[in-house]
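Trainee: As input, take final.txt (compact mmCIF, C-alpha atoms (C1' of nucleotides)):
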```
# COMPACT_ATOMS: atom_id res chain seq x y z
CA MET A 1 -18.79 16.13 10.03
CA ILE A 2 -17.13 19.39 11.00
CA ARG A 3 -16.52 21.96 8.27
CA GLN A 4 -13.04 22.32 6.82
CA SER A 5 -11.39 24.29 4.00
CA THR A 6 -10.98 22.73 0.56
CA GLU A 7 -7.20 22.77 0.97
CA ILE A 8 -7.34 20.55 4.03
CA ARG A 9 -9.97 18.25 2.55
CA LYS A 10 -8.04 17.85 -0.69
CA GLU A 11 -4.99 16.69 1.24
CA GLN A 12 -7.10 14.33 3.33
CA ILE A 13 -8.69 12.83 0.25
CA LYS A 14 -5.38 12.32 -1.58
CA SER A 15 -3.85 10.79 1.51
CA ALA A 16 -6.80 8.43 1.97
CA VAL A 17 -6.49 7.32 -1.65
CA LEU A 18 -2.90 6.20 -1.10
CA ASP A 19 -3.83 4.56 2.17
CA ILE A 20 -6.61 2.51 0.58
CA ILE A 21 -4.43 1.48 -2.35
CA PHE A 22 -1.71 0.20 -0.05
CA THR A 23 -3.94 -1.57 2.45
CA ASP A 24 -6.76 -2.87 0.25
CA GLY A 25 -5.53 -2.56 -3.34
CA LEU A 26 -6.63 -0.43 -6.24
CA LYS A 27 -9.77 -2.46 -6.77
CA ASN A 28 -11.21 -1.25 -3.48
CA LEU A 29 -10.60 2.38 -4.31
CA SER A 30 -14.23 3.38 -4.82
CA THR A 31 -15.56 6.81 -3.99
CA ARG A 32 -17.85 5.13 -1.46
CA ASN A 33 -14.93 3.43 0.24
CA LEU A 34 -12.90 6.61 0.09
CA ALA A 35 -15.64 8.62 1.79
CA LYS A 36 -16.02 5.99 4.48
CA ARG A 37 -12.30 5.99 5.27
CA ILE A 38 -12.25 9.76 5.73
CA GLY A 39 -15.55 9.79 7.57
CA MET A 40 -17.34 12.12 5.20
CA SER A 41 -20.20 11.64 2.75
CA GLU A 42 -19.56 10.57 -0.82
CA GLY A 43 -21.07 13.76 -2.16
CA ALA A 44 -18.62 15.87 -0.14
CA ILE A 45 -15.71 14.38 -2.10
CA PHE A 46 -17.13 15.84 -5.27
CA ARG A 47 -17.18 19.29 -3.66
CA HIS A 48 -13.38 19.22 -3.73
CA PHE A 49 -12.61 17.20 -6.87
CA THR A 50 -14.77 17.09 -9.99
CA SER A 51 -14.01 13.41 -10.62
CA LYS A 52 -12.17 10.44 -9.23
CA GLN A 53 -9.67 10.70 -12.07
CA GLU A 54 -8.90 14.26 -11.02
CA ILE A 55 -7.81 13.00 -7.59
CA ILE A 56 -5.36 10.57 -9.20
CA LEU A 57 -3.96 13.28 -11.44
CA ALA A 58 -3.55 15.61 -8.45
CA ILE A 59 -1.51 12.94 -6.67
CA ILE A 60 0.71 12.41 -9.71
CA LYS A 61 1.21 16.16 -9.88
CA ASP A 62 2.38 16.08 -6.26
CA VAL A 63 4.85 13.30 -7.06
CA LYS A 64 6.30 15.31 -9.91
CA LYS A 65 6.69 18.39 -7.76
CA GLU A 66 7.93 16.88 -4.50
CA PHE A 67 9.78 13.72 -5.49
CA ILE A 68 11.14 14.54 -8.93
CA GLY A 69 11.81 18.09 -7.76
CA SER A 70 14.00 16.91 -4.91
CA LEU A 71 15.87 14.49 -7.18
CA ARG A 72 16.57 17.33 -9.57
CA LEU A 73 18.07 19.37 -6.76
CA ILE A 74 20.36 16.51 -5.78
CA ALA A 75 21.49 15.83 -9.35
CA ASN A 76 22.29 19.49 -9.98
CA SER A 77 24.07 20.17 -6.70
CA LYS A 78 27.79 21.04 -6.51
CA ASP A 79 28.79 17.75 -4.90
CA THR A 80 30.95 15.02 -6.46
CA ALA A 81 29.30 12.63 -8.94
CA GLU A 82 29.65 9.69 -6.57
CA ARG A 83 28.02 11.49 -3.66
CA ARG A 84 25.24 12.81 -5.86
CA LEU A 85 24.49 9.34 -7.23
CA LYS A 86 24.33 7.91 -3.74
CA SER A 87 22.08 10.74 -2.56
CA LEU A 88 19.81 10.21 -5.54
CA LEU A 89 19.56 6.48 -4.93
CA CYS A 90 18.95 6.83 -1.20
CA ALA A 91 16.38 9.58 -1.67
CA THR A 92 14.51 7.36 -4.13
CA VAL A 93 14.59 4.34 -1.85
CA LYS A 94 13.39 6.46 1.06
CA TYR A 95 10.56 8.02 -0.92
CA LEU A 96 9.35 4.66 -2.18
CA THR A 97 9.37 3.02 1.23
CA ASP A 98 7.75 6.03 2.89
CA ASN A 99 5.05 6.34 0.25
CA LYS A 100 4.26 2.78 -0.67
CA GLY A 101 0.82 3.60 -2.01
CA ILE A 102 2.22 6.00 -4.60
CA THR A 103 4.25 3.59 -6.65
CA MET A 104 1.48 1.04 -6.55
CA LEU A 105 -0.81 3.73 -7.85
CA LEU A 106 1.58 4.72 -10.62
CA PHE A 107 2.15 1.20 -11.94
CA SER A 108 -1.40 -0.01 -11.55
CA GLU A 109 -2.82 3.06 -13.13
CA ALA A 110 -0.37 2.84 -16.02
CA THR A 111 -1.55 -0.64 -16.87
CA SER A 112 -5.16 -0.73 -15.72
CA ASN A 113 -6.30 2.38 -17.41
CA ASN A 114 -5.16 3.12 -20.90
CA ASP A 115 -5.41 6.84 -20.45
CA ALA A 116 -2.93 8.77 -22.61
CA VAL A 117 -2.58 11.74 -20.24
CA LEU A 118 -1.80 9.43 -17.37
CA LYS A 119 0.71 7.39 -19.33
CA ALA A 120 2.48 10.54 -20.47
CA SER A 121 2.76 11.68 -16.86
CA LEU A 122 4.19 8.36 -15.78
CA GLN A 123 6.62 8.31 -18.66
CA GLU A 124 7.83 11.75 -17.67
CA ILE A 125 8.43 10.62 -14.09
CA PHE A 126 10.32 7.56 -15.32
CA ASN A 127 12.36 9.36 -17.96
CA THR A 128 13.33 12.28 -15.77
CA GLN A 129 14.91 9.90 -13.28
CA LYS A 130 16.79 8.15 -16.04
CA LYS A 131 18.06 11.43 -17.41
CA LEU A 132 19.26 12.61 -14.01
CA VAL A 133 21.20 9.39 -13.52
CA SER A 134 22.73 9.68 -16.99
CA LYS A 135 23.76 13.25 -16.27
CA ILE A 136 25.51 12.32 -13.03
CA ILE A 137 27.32 9.43 -14.72
CA LEU A 138 28.50 11.69 -17.53
CA ASP A 139 29.75 14.20 -14.95
CA GLY A 140 31.67 11.41 -13.23
CA ILE A 141 33.26 10.40 -16.52
CA ALA A 142 34.10 14.00 -17.38
CA SER A 143 35.93 14.44 -14.08
CA CYS A 144 37.93 11.29 -14.90
CA GLN A 145 36.59 9.33 -11.94
CA TRP A 146 34.66 6.76 -13.90
CA ASP A 147 35.40 4.61 -16.91
CA GLU A 148 34.75 6.51 -20.12
CA ASN A 149 33.83 3.32 -21.98
CA ILE A 150 30.79 2.40 -19.89
CA PRO A 151 27.41 2.34 -21.65
CA VAL A 152 25.68 5.21 -19.84
CA GLU A 153 22.17 4.51 -21.15
CA ASN A 154 22.30 0.86 -20.13
CA ILE A 155 23.52 1.63 -16.64
CA ALA A 156 20.77 4.20 -16.22
CA MET A 157 18.25 1.56 -17.22
CA LEU A 158 19.76 -0.95 -14.82
CA TYR A 159 19.62 1.74 -12.15
CA MET A 160 15.90 2.21 -12.78
CA GLY A 161 15.38 -1.45 -11.98
CA ILE A 162 16.52 -0.85 -8.40
CA PRO A 163 13.58 1.23 -7.19
CA VAL A 164 11.16 -0.82 -9.25
CA SER A 165 12.19 -4.22 -7.98
CA LEU A 166 12.44 -2.81 -4.48
CA ASN A 167 8.85 -1.80 -4.80
CA ILE A 168 7.67 -5.16 -6.01
CA GLU A 169 9.46 -6.70 -3.08
CA LEU A 170 7.64 -4.29 -0.77
CA VAL A 171 4.26 -4.99 -2.31
CA LEU A 172 4.58 -8.76 -2.35
CA SER A 173 6.19 -9.19 1.05
CA TYR A 174 3.51 -7.30 3.01
CA GLY A 175 6.13 -5.02 4.54
CA GLU A 176 8.26 -7.92 5.77
CA PHE A 177 11.13 -6.69 3.65
CA HIS A 178 13.32 -4.19 5.52
CA PRO A 179 15.67 -2.31 3.21
CA ASP A 180 18.05 -1.11 5.93
CA ASN A 181 21.34 -0.60 4.19
CA PHE A 182 19.79 -1.58 0.87
CA CYS A 183 20.75 1.79 -0.56
CA SER A 184 24.44 1.46 0.40
CA GLN A 185 24.64 -2.09 -0.92
CA MET A 186 23.15 -1.16 -4.27
CA MET A 187 25.46 1.83 -4.44
CA MET A 188 28.45 -0.50 -4.08
CA LEU A 189 27.26 -2.46 -7.08
CA MET A 190 26.79 0.70 -9.10
CA LEU A 191 30.33 1.78 -8.26
CA LYS A 192 31.75 -1.54 -9.43
CA LEU A 193 30.02 -0.91 -12.75
CA LEU A 194 31.26 2.66 -13.02
CA ASN A 195 34.85 2.41 -11.82
CA LYS A 196 37.72 1.90 -14.23
CA MET B 197 -21.52 -19.81 -32.43
CA ILE B 198 -20.25 -23.23 -33.37
CA ARG B 199 -19.70 -25.78 -30.63
CA GLN B 200 -16.15 -26.42 -29.39
CA SER B 201 -14.49 -28.48 -26.68
CA THR B 202 -13.73 -26.92 -23.29
CA GLU B 203 -9.99 -27.26 -23.95
CA ILE B 204 -10.15 -25.06 -27.04
CA ARG B 205 -12.49 -22.55 -25.44
CA LYS B 206 -10.33 -22.27 -22.33
CA GLU B 207 -7.33 -21.39 -24.47
CA GLN B 208 -9.38 -18.87 -26.45
CA ILE B 209 -10.64 -17.22 -23.30
CA LYS B 210 -7.20 -16.97 -21.68
CA SER B 211 -5.74 -15.60 -24.87
CA ALA B 212 -8.50 -12.99 -25.18
CA VAL B 213 -7.89 -11.88 -21.59
CA LEU B 214 -4.26 -11.08 -22.38
CA ASP B 215 -5.23 -9.39 -25.59
CA ILE B 216 -7.73 -7.09 -23.86
CA ILE B 217 -5.29 -6.24 -21.07
CA PHE B 218 -2.61 -5.23 -23.53
CA THR B 219 -4.81 -3.27 -25.92
CA ASP B 220 -7.38 -1.71 -23.58
CA GLY B 221 -6.00 -2.11 -20.06
CA LEU B 222 -7.11 -4.12 -17.10
CA LYS B 223 -10.04 -1.81 -16.42
CA ASN B 224 -11.77 -2.95 -19.60
CA LEU B 225 -11.43 -6.61 -18.76
CA SER B 226 -15.08 -7.31 -17.98
CA THR B 227 -16.72 -10.64 -18.70
CA ARG B 228 -19.05 -8.82 -21.08
CA ASN B 229 -16.11 -7.35 -22.99
CA LEU B 230 -14.33 -10.66 -22.95
CA ALA B 231 -17.30 -12.48 -24.46
CA LYS B 232 -17.64 -9.84 -27.14
CA ARG B 233 -13.98 -10.13 -28.16
CA ILE B 234 -14.26 -13.90 -28.59
CA GLY B 235 -17.66 -13.69 -30.23
CA MET B 236 -19.48 -15.86 -27.74
CA SER B 237 -22.12 -15.16 -25.13
CA GLU B 238 -21.18 -14.11 -21.62
CA GLY B 239 -22.89 -17.15 -20.15
CA ALA B 240 -20.76 -19.48 -22.26
CA ILE B 241 -17.62 -18.20 -20.54
CA PHE B 242 -18.94 -19.52 -17.25
CA ARG B 243 -19.36 -22.97 -18.77
CA HIS B 244 -15.57 -23.20 -18.97
CA PHE B 245 -14.45 -21.23 -15.94
CA THR B 246 -16.41 -20.93 -12.71
CA SER B 247 -15.36 -17.33 -12.15
CA LYS B 248 -13.36 -14.50 -13.67
CA GLN B 249 -10.74 -14.97 -10.97
CA GLU B 250 -10.30 -18.59 -12.04
CA ILE B 251 -9.32 -17.42 -15.53
CA ILE B 252 -6.59 -15.20 -14.10
CA LEU B 253 -5.31 -18.00 -11.91
CA ALA B 254 -5.24 -20.37 -14.90
CA ILE B 255 -3.10 -17.89 -16.80
CA ILE B 256 -0.69 -17.55 -13.90
CA LYS B 257 -0.50 -21.32 -13.70
CA ASP B 258 0.49 -21.35 -17.39
CA VAL B 259 3.23 -18.82 -16.71
CA LYS B 260 4.60 -20.94 -13.90
CA LYS B 261 4.62 -24.04 -16.05
CA GLU B 262 5.88 -22.65 -19.36
CA PHE B 263 8.04 -19.69 -18.43
CA ILE B 264 9.41 -20.63 -15.02
CA GLY B 265 9.73 -24.24 -16.20
CA SER B 266 11.94 -23.27 -19.12
CA LEU B 267 14.08 -21.03 -16.89
CA ARG B 268 14.58 -23.93 -14.51
CA LEU B 269 15.80 -26.10 -17.37
CA ILE B 270 18.32 -23.47 -18.40
CA ALA B 271 19.59 -22.90 -14.86
CA ASN B 272 20.08 -26.62 -14.26
CA SER B 273 21.72 -27.45 -17.58
CA LYS B 274 25.32 -28.65 -17.86
CA ASP B 275 26.59 -25.48 -19.49
CA THR B 276 29.03 -22.96 -17.97
CA ALA B 277 27.68 -20.45 -15.46
CA GLU B 278 28.24 -17.55 -17.84
CA ARG B 279 26.37 -19.17 -20.69
CA ARG B 280 23.54 -20.24 -18.44
CA LEU B 281 23.16 -16.72 -17.06
CA LYS B 282 23.04 -15.27 -20.52
CA SER B 283 20.49 -17.87 -21.65
CA LEU B 284 18.37 -17.13 -18.63
CA LEU B 285 18.45 -13.41 -19.23
CA CYS B 286 17.71 -13.68 -22.93
CA ALA B 287 14.89 -16.17 -22.39
CA THR B 288 13.32 -13.79 -19.89
CA VAL B 289 13.61 -10.79 -22.19
CA LYS B 290 12.12 -12.78 -25.06
CA TYR B 291 9.22 -14.06 -23.00
CA LEU B 292 8.36 -10.60 -21.71
CA THR B 293 8.45 -8.99 -25.12
CA ASP B 294 6.50 -11.83 -26.73
CA ASN B 295 3.82 -11.89 -24.03
CA LYS B 296 3.33 -8.27 -23.11
CA GLY B 297 -0.14 -8.82 -21.70
CA ILE B 298 1.09 -11.33 -19.16
CA THR B 299 3.42 -9.08 -17.23
CA MET B 300 0.89 -6.29 -17.23
CA LEU B 301 -1.55 -8.76 -15.78
CA LEU B 302 0.88 -9.90 -13.11
CA PHE B 303 1.78 -6.41 -11.90
CA SER B 304 -1.70 -4.98 -12.09
CA GLU B 305 -3.26 -7.93 -10.41
CA ALA B 306 -0.63 -7.93 -7.65
CA THR B 307 -1.47 -4.37 -6.74
CA SER B 308 -5.12 -3.96 -7.73
CA ASN B 309 -6.49 -6.96 -5.98
CA ASN B 310 -5.27 -7.80 -2.53
CA ASP B 311 -5.94 -11.50 -2.95
CA ALA B 312 -3.60 -13.66 -0.88
CA VAL B 313 -3.60 -16.64 -3.26
CA LEU B 314 -2.72 -14.41 -6.16
CA LYS B 315 0.03 -12.60 -4.30
CA ALA B 316 1.53 -15.90 -3.22
CA SER B 317 1.60 -17.06 -6.84
CA LEU B 318 3.28 -13.87 -7.96
CA GLN B 319 5.79 -14.05 -5.15
CA GLU B 320 6.66 -17.58 -6.19
CA ILE B 321 7.24 -16.49 -9.79
CA PHE B 322 9.45 -13.62 -8.62
CA ASN B 323 11.37 -15.63 -6.02
CA THR B 324 12.00 -18.61 -8.25
CA GLN B 325 13.73 -16.38 -10.77
CA LYS B 326 15.85 -14.82 -8.06
CA LYS B 327 16.84 -18.23 -6.71
CA LEU B 328 17.82 -19.49 -10.15
CA VAL B 329 20.04 -16.48 -10.69
CA SER B 330 21.62 -16.91 -7.25
CA LYS B 331 22.28 -20.55 -7.99
CA ILE B 332 24.04 -19.79 -11.27
CA ILE B 333 26.16 -17.09 -9.63
CA LEU B 334 27.18 -19.45 -6.83
CA ASP B 335 28.12 -22.06 -9.45
CA GLY B 336 30.28 -19.47 -11.21
CA ILE B 337 32.01 -18.61 -7.96
CA ALA B 338 32.53 -22.29 -7.12
CA SER B 339 34.24 -22.87 -10.47
CA CYS B 340 36.54 -19.92 -9.68
CA GLN B 341 35.32 -17.84 -12.62
CA TRP B 342 33.69 -15.10 -10.62
CA ASP B 343 34.70 -13.04 -7.62
CA GLU B 344 33.92 -14.89 -4.39
CA ASN B 345 33.36 -11.63 -2.50
CA ILE B 346 30.38 -10.42 -4.51
CA PRO B 347 27.08 -10.05 -2.67
CA VAL B 348 25.03 -12.72 -4.45
CA GLU B 349 21.63 -11.70 -3.05
CA ASN B 350 22.09 -8.08 -4.08
CA ILE B 351 23.15 -8.96 -7.60
CA ALA B 352 20.16 -11.26 -7.95
CA MET B 353 17.92 -8.40 -6.90
CA LEU B 354 19.60 -6.04 -9.34
CA TYR B 355 19.14 -8.69 -12.02
CA MET B 356 15.42 -8.83 -11.29
CA GLY B 357 15.23 -5.15 -12.05
CA ILE B 358 16.20 -5.82 -15.67
CA PRO B 359 13.05 -7.62 -16.82
CA VAL B 360 10.88 -5.36 -14.69
CA SER B 361 12.19 -2.07 -15.99
CA LEU B 362 12.19 -3.50 -19.50
CA ASN B 363 8.53 -4.18 -19.07
CA ILE B 364 7.70 -0.72 -17.82
CA GLU B 365 9.54 0.64 -20.82
CA LEU B 366 7.44 -1.59 -23.07
CA VAL B 367 4.18 -0.58 -21.41
CA LEU B 368 4.86 3.14 -21.41
CA SER B 369 6.39 3.42 -24.85
CA TYR B 370 3.50 1.77 -26.73
CA GLY B 371 5.86 -0.73 -28.35
CA GLU B 372 8.21 1.97 -29.64
CA PHE B 373 11.02 0.49 -27.57
CA HIS B 374 12.94 -2.18 -29.50
CA PRO B 375 15.19 -4.26 -27.26
CA ASP B 376 17.37 -5.66 -30.04
CA ASN B 377 20.65 -6.50 -28.37
CA PHE B 378 19.28 -5.39 -25.03
CA CYS B 379 19.96 -8.83 -23.62
CA SER B 380 23.63 -8.85 -24.65
CA GLN B 381 24.20 -5.34 -23.34
CA MET B 382 22.71 -6.12 -19.97
CA MET B 383 24.75 -9.31 -19.84
CA MET B 384 27.94 -7.28 -20.29
CA LEU B 385 27.00 -5.23 -17.24
CA MET B 386 26.28 -8.33 -15.22
CA LEU B 387 29.69 -9.73 -16.14
CA LYS B 388 31.45 -6.56 -15.01
CA LEU B 389 29.75 -7.03 -11.65
CA LEU B 390 30.65 -10.70 -11.41
CA ASN B 391 34.22 -10.78 -12.67
CA LYS B 392 37.20 -10.55 -10.34
C1' DT C 393 -32.61 -44.63 -32.84
C1' DA C 394 -32.75 -43.13 -28.03
C1' DT C 395 -30.68 -40.98 -24.28
C1' DC C 396 -27.35 -38.36 -21.77
C1' DT C 397 -23.88 -35.08 -21.30
C1' DT C 398 -21.86 -30.93 -22.87
C1' DT C 399 -21.90 -26.51 -24.97
C1' DG C 400 -24.36 -22.76 -26.33
C1' DC C 401 -27.57 -18.50 -25.74
C1' DA C 402 -30.90 -14.58 -24.23
C1' DA C 403 -32.55 -12.59 -20.49
C1' DG C 404 -32.28 -11.32 -15.96
C1' DC C 405 -30.25 -10.86 -11.23
C1' DA C 406 -28.40 -8.23 -7.17
C1' DA C 407 -24.72 -5.48 -6.04
C1' DA C 408 -21.45 -1.90 -6.94
C1' DT C 409 -19.91 2.00 -9.52
C1' DA C 410 -19.08 7.23 -10.41
C1' DC C 411 -21.55 10.99 -10.02
C1' DT C 412 -25.95 14.31 -9.21
C1' DT C 413 -29.61 16.53 -6.92
C1' DA C 414 -32.11 19.08 -3.52
C1' DC C 415 -31.60 20.81 0.54
C1' DT C 416 -29.12 22.22 5.11
C1' DT C 417 -25.82 24.70 7.74
C1' DA C 418 -21.43 26.91 8.86
C1' DT C 419 -18.44 30.84 8.00
C1' DA C 420 -16.70 34.95 6.06
C1' DT C 421 -17.80 39.66 4.45
C1' DG C 422 -20.64 44.01 3.20
C1' DC D 423 -27.24 41.91 11.29
C1' DA D 424 -27.97 40.32 6.70
C1' DT D 425 -26.53 37.88 2.98
C1' DA D 426 -23.65 35.34 -0.14
C1' DT D 427 -20.68 31.64 -0.56
C1' DA D 428 -18.59 27.42 0.58
C1' DA D 429 -18.92 22.82 2.74
C1' DG D 430 -21.76 19.42 4.30
C1' DT D 431 -25.52 15.53 3.79
C1' DA D 432 -29.08 11.74 2.38
C1' DA D 433 -31.04 9.83 -1.22
C1' DG D 434 -31.21 9.45 -5.55
C1' DT D 435 -29.50 8.50 -10.84
C1' DA D 436 -28.04 5.52 -14.83
C1' DT D 437 -24.74 2.24 -15.99
C1' DT D 438 -21.71 -1.54 -15.37
C1' DT D 439 -20.26 -5.49 -12.96
C1' DG D 440 -19.79 -10.75 -12.17
C1' DC D 441 -22.66 -14.33 -12.33
C1' DT D 442 -27.26 -17.26 -12.73
C1' DT D 443 -31.27 -19.17 -14.84
C1' DG D 444 -34.14 -21.79 -18.09
C1' DC D 445 -34.06 -23.70 -22.16
C1' DA D 446 -32.24 -25.32 -26.88
C1' DA D 447 -29.38 -28.12 -29.50
C1' DA D 448 -25.00 -30.45 -30.78
C1' DG D 449 -22.16 -34.61 -30.05
C1' DA D 450 -21.02 -38.73 -27.84
C1' DT D 451 -22.47 -43.28 -26.29
C1' DA D 452 -25.84 -47.10 -25.73
```
For the file at hand, write its structure as structure tokens.

Mentor:
Amino acid sequence: MIRQSTEIRKEQIKSAVLDIIFTDGLKNLSTRNLAKRIGMSEGAIFRHFTSKQEIILAIIKDVKKEFIGSLRLIANSKDTAERRLKSLLCATVKYLTDNKGITMLLFSEATSNNDAVLKASLQEIFNTQKKLVSKIILDGIASCQWDENIPVENIAMLYMGIPVSLNIELVLSYGEFHPDNFCSQMMMLMLKLLNK
Amino acid sequence: MIRQSTEIRKEQIKSAVLDIIFTDGLKNLSTRNLAKRIGMSEGAIFRHFTSKQEIILAIIKDVKKEFIGSLRLIANSKDTAERRLKSLLCATVKYLTDNKGITMLLFSEATSNNDAVLKASLQEIFNTQKKLVSKIILDGIASCQWDENIPVENIAMLYMGIPVSLNIELVLSYGEFHPDNFCSQMMMLMLKLLNK
DNA sequence: TATCTTTGCAAGCAAATACTTACTTATATG
DNA sequence: CATATAAGTAAGTATTTGCTTGCAAAGATA
């Protein structure tokens, strides 16, 4: 195989990991299989990552930076609470459908391994989303748009169920599920909960 | 080890599987580990189940019979729609918190393996719940208690997010999360969505 | 009691796993 | 050009995996 820089190879390896997880499941994610999919030798993988676990952690780091980072921008923007909440929801739905392998990796890894570092990372990803939603809801209440008596924490938790159950649907239905205006429809439900 | 009937041993084996998954994660669920936890030889396991996969499938069959069966009873009872929905929700929450290993098994197995039989089983468990919820909502609309314009399918999907995100919370928080009146609180949100 | 089925075990099997080693070759830099 | 470094490979390593084998003995049935 032709020579490439570590940067390029690292991206290729991470991308192949997600591809394998989505098409063949986590059980088939062996370093041998991974090498085969990229078209390189198994040993070459270990030139760029010291262990298989390190690849997984690198992917989770990416998720934190790209996905959670973009959600944070949306939540902290100057827009109205309603528009921010819809942006947040739609961005999440889009990310999950575009990167199906990632959420499968996150959930599987959380339960299959019992690694503390990994679990802490996942908890951070989960909790940050919940906090951003809570913040937007509180903003909406403060600007007198939404009902001040609503249980913010509970709605944030219910909100978290949206991306999660969407993902299960995606995993189980082999891509037959097409969430076209899924985001808008869920947003309507959220508004019914939030409005006075 | 003392001799026992297959019936008893089968139950012991299934129970040990769930125990290992919850305490050590799916990755440590090897037949060797399983035998050690029960205190029997590895070979003895294969007297009662022909393969490791068969054990998993037996557990899923139990879930279908016990859990889904009880939900079906609730959904089809003579009670009001509101009371049935609350019973359904609370029964689900209770089952998930009482049998933490089971849901971890279901999610992990759905994503780690790519077995068609398994996925079909999981899809059935997921879809049956959704259908029961839809049925109750339609009953509530028919008896003029709930808004006839609500999108039933979407609410059923949002409902499904409740047990799922509860479970993630349970997995990630090492049992620190205590869903005391979680069921009642979520039910209040559902009612706000359903009422006129 | 005699026999047959069922349940148990220790040892061993081939295959797969994550990772290493010893060595080659491409590329950048003095 | 010479040389150091980085990226590649084939062929190993030890360990773990799911499962089998050959044989012993407990329990049921005659």

Trainee: Select, as a list in words, those residues of chain B with any atom no more than 6 Å from chain A (distances computed using only C-alpha atoms).

Mentor: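 The answer, sorted by residue number, is Asp220, Gly221, Leu222, Lys223, Ser304, Thr307, Ser308, Asn309, Asn310, Gly357, Ile358 and Ser361 of chain B.
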
Trainee: Quick one: distance from CA of Tyr291 (chain B) to CA of Gln200 (chain B) in Å, one decimal?

Mentor: 28.9 Å

Trainee: Set out as a tab-separated table a contact list for chain D and chain B with a cut-off of 10 Å, giving each residue of chain D that qualifies its closest atom pair and distance in Å to one decimal, counting all atoms listed in the file, ordered by chain and rising residue number.

Mentor:
```
residue	atom	partner	partner_atom	distance
D:DT438	C1'	B:Ser226	CA	9.2
D:DT439	C1'	B:Ser226	CA	7.4
D:DG440	C1'	B:Thr227	CA	7.2
D:DC441	C1'	B:Ser247	CA	7.9
D:DT442	C1'	B:Gly239	CA	8.6
D:DA448	C1'	B:Arg199	CA	7.1
D:DG449	C1'	B:Arg199	CA	9.2
```

Trainee: What does the distance between CA of Leu34 (chain A) and CA of Arg47 (chain A) come to in Å, to one decimal place?

Mentor: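 Straight-line distance from CA of Leu34 (chain A) to CA of Arg47 (chain A) works out to 13.9 Å.
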
Trainee: Enter the distance from CA of Lys206 (chain B) to CA of His244 (chain B), in Å, rounded to one decimal.

Mentor: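 These two atoms are separated by 6.3 Å.
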
Trainee: Write down, as a list in words, each residue of chain C that has any atom within 10 Å of an atom of chain A, counting all atoms listed in the file.

Mentor: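 Interface list for chain C against chain A: DA408, DT409, DA410, DC411, DT412, DT417, DA418 and DT419 of chain C.
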
Trainee: Store the residues picked out above in a file with C-alpha atoms (C1' of nucleotides), as an mmCIF file, in the coordinates of the input.

Mentor:
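Output saved as again00.cif:
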```cif
data_model
loop_
_atom_site.group_PDB
_atom_site.id
_atom_site.type_symbol
_atom_site.label_atom_id
_atom_site.label_comp_id
_atom_site.auth_asym_id
_atom_site.auth_seq_id
_atom_site.Cartn_x
_atom_site.Cartn_y
_atom_site.Cartn_z
ATOM 1 C "C1'" DA C 408 -21.450 -1.900 -6.940
ATOM 2 C "C1'" DT C 409 -19.910 2.000 -9.520
ATOM 3 C "C1'" DA C 410 -19.080 7.230 -10.410
ATOM 4 C "C1'" DC C 411 -21.550 10.990 -10.020
ATOM 5 C "C1'" DT C 412 -25.950 14.310 -9.210
ATOM 6 C "C1'" DT C 417 -25.820 24.700 7.740
ATOM 7 C "C1'" DA C 418 -21.430 26.910 8.860
ATOM 8 C "C1'" DT C 419 -18.440 30.840 8.000
#
```
